[in-house]
>>> print(open('input-v2.pdb').read())   # PDB, C-alpha atoms
ATOM      1  CA  MET B   1       0.000   0.000   0.000  1.00  0.00           C
ATOM      2  CA  ASP B   2       1.178   3.523  -0.757  1.00  0.00           C
ATOM      3  CA  GLN B   3       2.773   5.307   2.238  1.00  0.00           C
ATOM      4  CA  SER B   4       1.141   8.663   1.443  1.00  0.00           C
ATOM      5  CA  ARG B   5      -2.325   7.124   1.884  1.00  0.00           C
ATOM      6  CA  LYS B   6      -1.473   5.883   5.372  1.00  0.00           C
ATOM      7  CA  ILE B   7      -0.381   9.295   6.653  1.00  0.00           C
ATOM      8  CA  LYS B   8      -3.208  11.354   8.157  1.00  0.00           C
ATOM      9  CA  ASN B   9      -3.120  14.592  10.081  1.00  0.00           C
ATOM     10  CA  ASN B  10      -4.386  13.596  13.536  1.00  0.00           C
ATOM     11  CA  ASN B  11      -4.450  17.219  14.764  1.00  0.00           C
ATOM     12  CA  VAL B  12      -7.297  18.264  12.457  1.00  0.00           C
ATOM     13  CA  PRO B  13     -10.778  17.634  13.919  1.00  0.00           C
ATOM     14  CA  LYS B  14     -13.152  15.434  11.903  1.00  0.00           C
ATOM     15  CA  ASP B  15     -16.131  17.841  12.019  1.00  0.00           C
ATOM     16  CA  PRO B  16     -16.041  20.080   8.874  1.00  0.00           C
ATOM     17  CA  LYS B  17     -17.084  23.213  10.782  1.00  0.00           C
ATOM     18  CA  LYS B  18     -14.399  22.690  13.394  1.00  0.00           C
ATOM     19  CA  LYS B  19     -11.933  21.834  10.667  1.00  0.00           C
ATOM     20  CA  PHE B  20     -12.491  25.212   8.958  1.00  0.00           C
ATOM     21  CA  SER B  21     -12.153  27.169  12.199  1.00  0.00           C
ATOM     22  CA  TYR B  22      -9.065  25.180  13.115  1.00  0.00           C
ATOM     23  CA  LEU B  23      -7.483  25.905   9.750  1.00  0.00           C
ATOM     24  CA  MET B  24      -8.312  29.615   9.992  1.00  0.00           C
ATOM     25  CA  LYS B  25      -6.855  29.804  13.501  1.00  0.00           C
ATOM     26  CA  LYS B  26      -3.720  28.035  12.302  1.00  0.00           C
ATOM     27  CA  TRP B  27      -3.465  30.397   9.301  1.00  0.00           C
ATOM     28  CA  PHE B  28      -3.758  33.539  11.473  1.00  0.00           C
ATOM     29  CA  PHE B  29      -1.204  32.159  13.914  1.00  0.00           C
ATOM     30  CA  GLY B  30       1.243  31.619  11.050  1.00  0.00           C
ATOM     31  CA  LEU B  31       0.470  35.084   9.719  1.00  0.00           C
ATOM     32  CA  GLY B  32       1.325  36.607  13.096  1.00  0.00           C
ATOM     33  CA  LYS B  33       4.631  34.747  13.144  1.00  0.00           C
ATOM     34  CA  GLU B  34       5.454  36.040   9.648  1.00  0.00           C
ATOM     35  CA  PHE B  35       4.671  39.642  10.658  1.00  0.00           C
ATOM     36  CA  LYS B  36       7.204  39.354  13.476  1.00  0.00           C
ATOM     37  CA  ARG B  37       9.870  38.418  10.922  1.00  0.00           C
ATOM     38  CA  ILE B  38       9.381  41.588   8.833  1.00  0.00           C
ATOM     39  CA  THR B  39      12.309  44.006   8.862  1.00  0.00           C
ATOM     40  CA  TRP B  40      11.414  47.516   7.790  1.00  0.00           C
ATOM     41  CA  PRO B  41      13.984  49.667   5.946  1.00  0.00           C
ATOM     42  CA  THR B  42      15.604  52.625   7.615  1.00  0.00           C
ATOM     43  CA  LYS B  43      14.720  56.135   6.475  1.00  0.00           C
ATOM     44  CA  SER B  44      18.049  56.616   4.685  1.00  0.00           C
ATOM     45  CA  LYS B  45      17.692  53.284   2.843  1.00  0.00           C
ATOM     46  CA  LEU B  46      14.135  54.184   1.843  1.00  0.00           C
ATOM     47  CA  VAL B  47      15.184  57.589   0.475  1.00  0.00           C
ATOM     48  CA  LYS B  48      18.133  56.054  -1.391  1.00  0.00           C
ATOM     49  CA  ASP B  49      15.965  53.352  -2.986  1.00  0.00           C
ATOM     50  CA  PHE B  50      13.318  55.945  -3.886  1.00  0.00           C
ATOM     51  CA  PHE B  51      15.808  58.083  -5.792  1.00  0.00           C
ATOM     52  CA  ILE B  52      17.306  55.059  -7.539  1.00  0.00           C
ATOM     53  CA  THR B  53      13.799  54.102  -8.681  1.00  0.00           C
ATOM     54  CA  ILE B  54      13.100  57.624  -9.944  1.00  0.00           C
ATOM     55  CA  ILE B  55      16.396  57.674 -11.892  1.00  0.00           C
ATOM     56  CA  ILE B  56      15.700  54.284 -13.510  1.00  0.00           C
ATOM     57  CA  VAL B  57      12.161  55.330 -14.472  1.00  0.00           C
ATOM     58  CA  ALA B  58      13.511  58.599 -15.941  1.00  0.00           C
ATOM     59  CA  LEU B  59      16.061  56.652 -17.999  1.00  0.00           C
ATOM     60  CA  PHE B  60      13.363  54.395 -19.395  1.00  0.00           C
ATOM     61  CA  VAL B  61      11.225  57.443 -20.239  1.00  0.00           C
ATOM     62  CA  VAL B  62      14.109  58.980 -22.160  1.00  0.00           C
ATOM     63  CA  ILE B  63      14.823  55.710 -23.998  1.00  0.00           C
ATOM     64  CA  PHE B  64      11.178  55.180 -24.981  1.00  0.00           C
ATOM     65  CA  LEU B  65      10.770  58.808 -26.056  1.00  0.00           C
ATOM     66  CA  ALA B  66      13.903  58.518 -28.192  1.00  0.00           C
ATOM     67  CA  PHE B  67      12.586  55.361 -29.869  1.00  0.00           C
ATOM     68  CA  ASP B  68       9.234  57.051 -30.414  1.00  0.00           C
ATOM     69  CA  GLN B  69      10.822  60.088 -32.029  1.00  0.00           C
ATOM     70  CA  ILE B  70      13.054  57.920 -34.218  1.00  0.00           C
ATOM     71  CA  SER B  71      10.123  55.760 -35.321  1.00  0.00           C
ATOM     72  CA  ALA B  72       8.072  58.888 -36.144  1.00  0.00           C
ATOM     73  CA  LEU B  73      10.806  60.051 -38.522  1.00  0.00           C
ATOM     74  CA  ILE B  74      10.913  56.752 -40.375  1.00  0.00           C
TER      75      ILE B  74
END
>>> encode(input="input-v2.pdb", output="structure tokens")
Amino acid sequence: MDQSRKIKNNNVPKDPKKKFSYLMKKWFFGLGKEFKRITWPTKSKLVKDFFITIIIVALFVVIFLAFDQISALI
């Protein structure tokens, strides 16, 4: 017999209503643990990343405008 069929989760209640509430409780508990692992950036890192993003977006704007102008001439 296949081993995966023998394995059952004994912690989950058999009643479907209790099963749903158990799963939701377990999900929120895991969510709380994940929120504790979040590390927020410092203000200087946030400002630095913001300006890098603005510069990259500006470069793409210039590149796409150049291609647009070149294609309009052709």
>>> atom_distance(input="input-v2.pdb", atom1="atom CA of B:Arg37", atom2="atom CA of B:Ile52")
25.9 Å
>>> atom_distance(input="input-v2.pdb", atom1="atom CA of B:Lys43", atom2="atom CA of B:Leu31")
25.6 Å
>>> atom_distance(input="input-v2.pdb", atom1="atom CA of B:Phe50", atom2="atom CA of B:Ile63")
20.2 Å
>>> axis_aligned_box(input="input-v2.pdb", around="stretch 35-38 of chain B", padding_each_side="5 Å", output="lines of an AutoDock Vina configuration file")
center_x = 7.3
center_y = 40.0
center_z = 11.2
size_x = 15.2
size_y = 13.2
size_z = 14.6
>>> decode(input="input-v2.pdb", residues="stretch 36-66 of chain B", atoms="N, CA, C and O atoms", output="PDB file, in the first residue's frame")
ATOM      1  N   LYS B  36       6.102  39.104  12.545  1.00  0.00           N
ATOM      2  CA  LYS B  36       7.204  39.354  13.476  1.00  0.00           C
ATOM      3  C   LYS B  36       8.555  39.274  12.781  1.00  0.00           C
ATOM      4  O   LYS B  36       9.529  39.834  13.259  1.00  0.00           O
ATOM      5  N   ARG B  37       8.610  38.578  11.647  1.00  0.00           N
ATOM      6  CA  ARG B  37       9.870  38.418  10.922  1.00  0.00           C
ATOM      7  C   ARG B  37      10.161  39.567   9.966  1.00  0.00           C
ATOM      8  O   ARG B  37      11.238  39.641   9.396  1.00  0.00           O
ATOM      9  N   ILE B  38       9.204  40.482   9.771  1.00  0.00           N
ATOM     10  CA  ILE B  38       9.381  41.588   8.833  1.00  0.00           C
ATOM     11  C   ILE B  38      10.434  42.551   9.370  1.00  0.00           C
ATOM     12  O   ILE B  38      10.408  42.933  10.536  1.00  0.00           O
ATOM     13  N   THR B  39      11.351  42.958   8.509  1.00  0.00           N
ATOM     14  CA  THR B  39      12.309  44.006   8.862  1.00  0.00           C
ATOM     15  C   THR B  39      12.036  45.194   7.952  1.00  0.00           C
ATOM     16  O   THR B  39      12.078  45.073   6.731  1.00  0.00           O
ATOM     17  N   TRP B  40      11.730  46.329   8.557  1.00  0.00           N
ATOM     18  CA  TRP B  40      11.414  47.516   7.790  1.00  0.00           C
ATOM     19  C   TRP B  40      12.689  48.276   7.479  1.00  0.00           C
ATOM     20  O   TRP B  40      13.624  48.308   8.284  1.00  0.00           O
ATOM     21  N   PRO B  41      12.770  48.922   6.303  1.00  0.00           N
ATOM     22  CA  PRO B  41      13.984  49.667   5.946  1.00  0.00           C
ATOM     23  C   PRO B  41      14.122  50.936   6.779  1.00  0.00           C
ATOM     24  O   PRO B  41      13.128  51.503   7.239  1.00  0.00           O
ATOM     25  N   THR B  42      15.356  51.361   6.918  1.00  0.00           N
ATOM     26  CA  THR B  42      15.604  52.625   7.615  1.00  0.00           C
ATOM     27  C   THR B  42      15.210  53.778   6.697  1.00  0.00           C
ATOM     28  O   THR B  42      14.998  53.593   5.495  1.00  0.00           O
ATOM     29  N   LYS B  43      15.121  54.976   7.259  1.00  0.00           N
ATOM     30  CA  LYS B  43      14.720  56.135   6.475  1.00  0.00           C
ATOM     31  C   LYS B  43      15.734  56.425   5.374  1.00  0.00           C
ATOM     32  O   LYS B  43      15.358  56.723   4.240  1.00  0.00           O
ATOM     33  N   SER B  44      17.029  56.324   5.694  1.00  0.00           N
ATOM     34  CA  SER B  44      18.049  56.616   4.685  1.00  0.00           C
ATOM     35  C   SER B  44      18.015  55.593   3.548  1.00  0.00           C
ATOM     36  O   SER B  44      18.162  55.947   2.378  1.00  0.00           O
ATOM     37  N   LYS B  45      17.782  54.324   3.874  1.00  0.00           N
ATOM     38  CA  LYS B  45      17.692  53.284   2.843  1.00  0.00           C
ATOM     39  C   LYS B  45      16.466  53.520   1.972  1.00  0.00           C
ATOM     40  O   LYS B  45      16.512  53.357   0.746  1.00  0.00           O
ATOM     41  N   LEU B  46      15.358  53.919   2.578  1.00  0.00           N
ATOM     42  CA  LEU B  46      14.135  54.184   1.843  1.00  0.00           C
ATOM     43  C   LEU B  46      14.316  55.349   0.872  1.00  0.00           C
ATOM     44  O   LEU B  46      13.904  55.274  -0.293  1.00  0.00           O
ATOM     45  N   VAL B  47      14.948  56.419   1.327  1.00  0.00           N
ATOM     46  CA  VAL B  47      15.184  57.589   0.475  1.00  0.00           C
ATOM     47  C   VAL B  47      16.123  57.216  -0.667  1.00  0.00           C
ATOM     48  O   VAL B  47      15.886  57.580  -1.825  1.00  0.00           O
ATOM     49  N   LYS B  48      17.171  56.472  -0.367  1.00  0.00           N
ATOM     50  CA  LYS B  48      18.133  56.054  -1.391  1.00  0.00           C
ATOM     51  C   LYS B  48      17.449  55.194  -2.459  1.00  0.00           C
ATOM     52  O   LYS B  48      17.615  55.439  -3.660  1.00  0.00           O
ATOM     53  N   ASP B  49      16.664  54.215  -2.038  1.00  0.00           N
ATOM     54  CA  ASP B  49      15.965  53.352  -2.986  1.00  0.00           C
ATOM     55  C   ASP B  49      14.927  54.127  -3.796  1.00  0.00           C
ATOM     56  O   ASP B  49      14.712  53.842  -4.976  1.00  0.00           O
ATOM     57  N   PHE B  50      14.292  55.113  -3.180  1.00  0.00           N
ATOM     58  CA  PHE B  50      13.318  55.945  -3.886  1.00  0.00           C
ATOM     59  C   PHE B  50      13.989  56.701  -5.027  1.00  0.00           C
ATOM     60  O   PHE B  50      13.490  56.714  -6.159  1.00  0.00           O
ATOM     61  N   PHE B  51      15.123  57.321  -4.746  1.00  0.00           N
ATOM     62  CA  PHE B  51      15.808  58.083  -5.792  1.00  0.00           C
ATOM     63  C   PHE B  51      16.381  57.182  -6.880  1.00  0.00           C
ATOM     64  O   PHE B  51      16.375  57.547  -8.063  1.00  0.00           O
ATOM     65  N   ILE B  52      16.837  56.014  -6.525  1.00  0.00           N
ATOM     66  CA  ILE B  52      17.306  55.059  -7.539  1.00  0.00           C
ATOM     67  C   ILE B  52      16.148  54.670  -8.453  1.00  0.00           C
ATOM     68  O   ILE B  52      16.301  54.602  -9.683  1.00  0.00           O
ATOM     69  N   THR B  53      14.983  54.445  -7.883  1.00  0.00           N
ATOM     70  CA  THR B  53      13.799  54.102  -8.681  1.00  0.00           C
ATOM     71  C   THR B  53      13.417  55.241  -9.613  1.00  0.00           C
ATOM     72  O   THR B  53      13.121  55.022 -10.793  1.00  0.00           O
ATOM     73  N   ILE B  54      13.436  56.459  -9.119  1.00  0.00           N
ATOM     74  CA  ILE B  54      13.100  57.624  -9.944  1.00  0.00           C
ATOM     75  C   ILE B  54      14.091  57.764 -11.092  1.00  0.00           C
ATOM     76  O   ILE B  54      13.698  58.034 -12.241  1.00  0.00           O
ATOM     77  N   ILE B  55      15.378  57.570 -10.840  1.00  0.00           N
ATOM     78  CA  ILE B  55      16.396  57.674 -11.892  1.00  0.00           C
ATOM     79  C   ILE B  55      16.193  56.601 -12.959  1.00  0.00           C
ATOM     80  O   ILE B  55      16.266  56.884 -14.161  1.00  0.00           O
ATOM     81  N   ILE B  56      15.910  55.375 -12.543  1.00  0.00           N
ATOM     82  CA  ILE B  56      15.700  54.284 -13.510  1.00  0.00           C
ATOM     83  C   ILE B  56      14.459  54.550 -14.356  1.00  0.00           C
ATOM     84  O   ILE B  56      14.470  54.364 -15.581  1.00  0.00           O
ATOM     85  N   VAL B  57      13.384  55.010 -13.729  1.00  0.00           N
ATOM     86  CA  VAL B  57      12.161  55.330 -14.472  1.00  0.00           C
ATOM     87  C   VAL B  57      12.435  56.466 -15.458  1.00  0.00           C
ATOM     88  O   VAL B  57      11.991  56.417 -16.614  1.00  0.00           O
ATOM     89  N   ALA B  58      13.175  57.483 -15.048  1.00  0.00           N
ATOM     90  CA  ALA B  58      13.511  58.599 -15.941  1.00  0.00           C
ATOM     91  C   ALA B  58      14.339  58.106 -17.133  1.00  0.00           C
ATOM     92  O   ALA B  58      14.117  58.553 -18.267  1.00  0.00           O
ATOM     93  N   LEU B  59      15.271  57.194 -16.890  1.00  0.00           N
ATOM     94  CA  LEU B  59      16.061  56.652 -17.999  1.00  0.00           C
ATOM     95  C   LEU B  59      15.188  55.895 -18.996  1.00  0.00           C
ATOM     96  O   LEU B  59      15.347  56.043 -20.215  1.00  0.00           O
ATOM     97  N   PHE B  60      14.272  55.113 -18.500  1.00  0.00           N
ATOM     98  CA  PHE B  60      13.363  54.395 -19.395  1.00  0.00           C
ATOM     99  C   PHE B  60      12.469  55.360 -20.180  1.00  0.00           C
ATOM    100  O   PHE B  60      12.190  55.135 -21.356  1.00  0.00           O
ATOM    101  N   VAL B  61      12.030  56.439 -19.543  1.00  0.00           N
ATOM    102  CA  VAL B  61      11.225  57.443 -20.239  1.00  0.00           C
ATOM    103  C   VAL B  61      12.022  58.047 -21.377  1.00  0.00           C
ATOM    104  O   VAL B  61      11.524  58.186 -22.503  1.00  0.00           O
ATOM    105  N   VAL B  62      13.264  58.397 -21.120  1.00  0.00           N
ATOM    106  CA  VAL B  62      14.109  58.980 -22.160  1.00  0.00           C
ATOM    107  C   VAL B  62      14.328  57.977 -23.295  1.00  0.00           C
ATOM    108  O   VAL B  62      14.239  58.341 -24.478  1.00  0.00           O
ATOM    109  N   ILE B  63      14.598  56.734 -22.971  1.00  0.00           N
ATOM    110  CA  ILE B  63      14.823  55.710 -23.998  1.00  0.00           C
ATOM    111  C   ILE B  63      13.572  55.516 -24.852  1.00  0.00           C
ATOM    112  O   ILE B  63      13.643  55.499 -26.091  1.00  0.00           O
ATOM    113  N   PHE B  64      12.410  55.383 -24.219  1.00  0.00           N
ATOM    114  CA  PHE B  64      11.178  55.180 -24.981  1.00  0.00           C
ATOM    115  C   PHE B  64      10.799  56.411 -25.802  1.00  0.00           C
ATOM    116  O   PHE B  64      10.303  56.285 -26.927  1.00  0.00           O
ATOM    117  N   LEU B  65      11.038  57.595 -25.273  1.00  0.00           N
ATOM    118  CA  LEU B  65      10.770  58.808 -26.056  1.00  0.00           C
ATOM    119  C   LEU B  65      11.693  58.894 -27.263  1.00  0.00           C
ATOM    120  O   LEU B  65      11.274  59.301 -28.348  1.00  0.00           O
ATOM    121  N   ALA B  66      12.951  58.506 -27.069  1.00  0.00           N
ATOM    122  CA  ALA B  66      13.903  58.518 -28.192  1.00  0.00           C
ATOM    123  C   ALA B  66      13.460  57.544 -29.280  1.00  0.00           C
ATOM    124  O   ALA B  66      13.463  57.860 -30.472  1.00  0.00           O
TER     125      ALA B  66
END
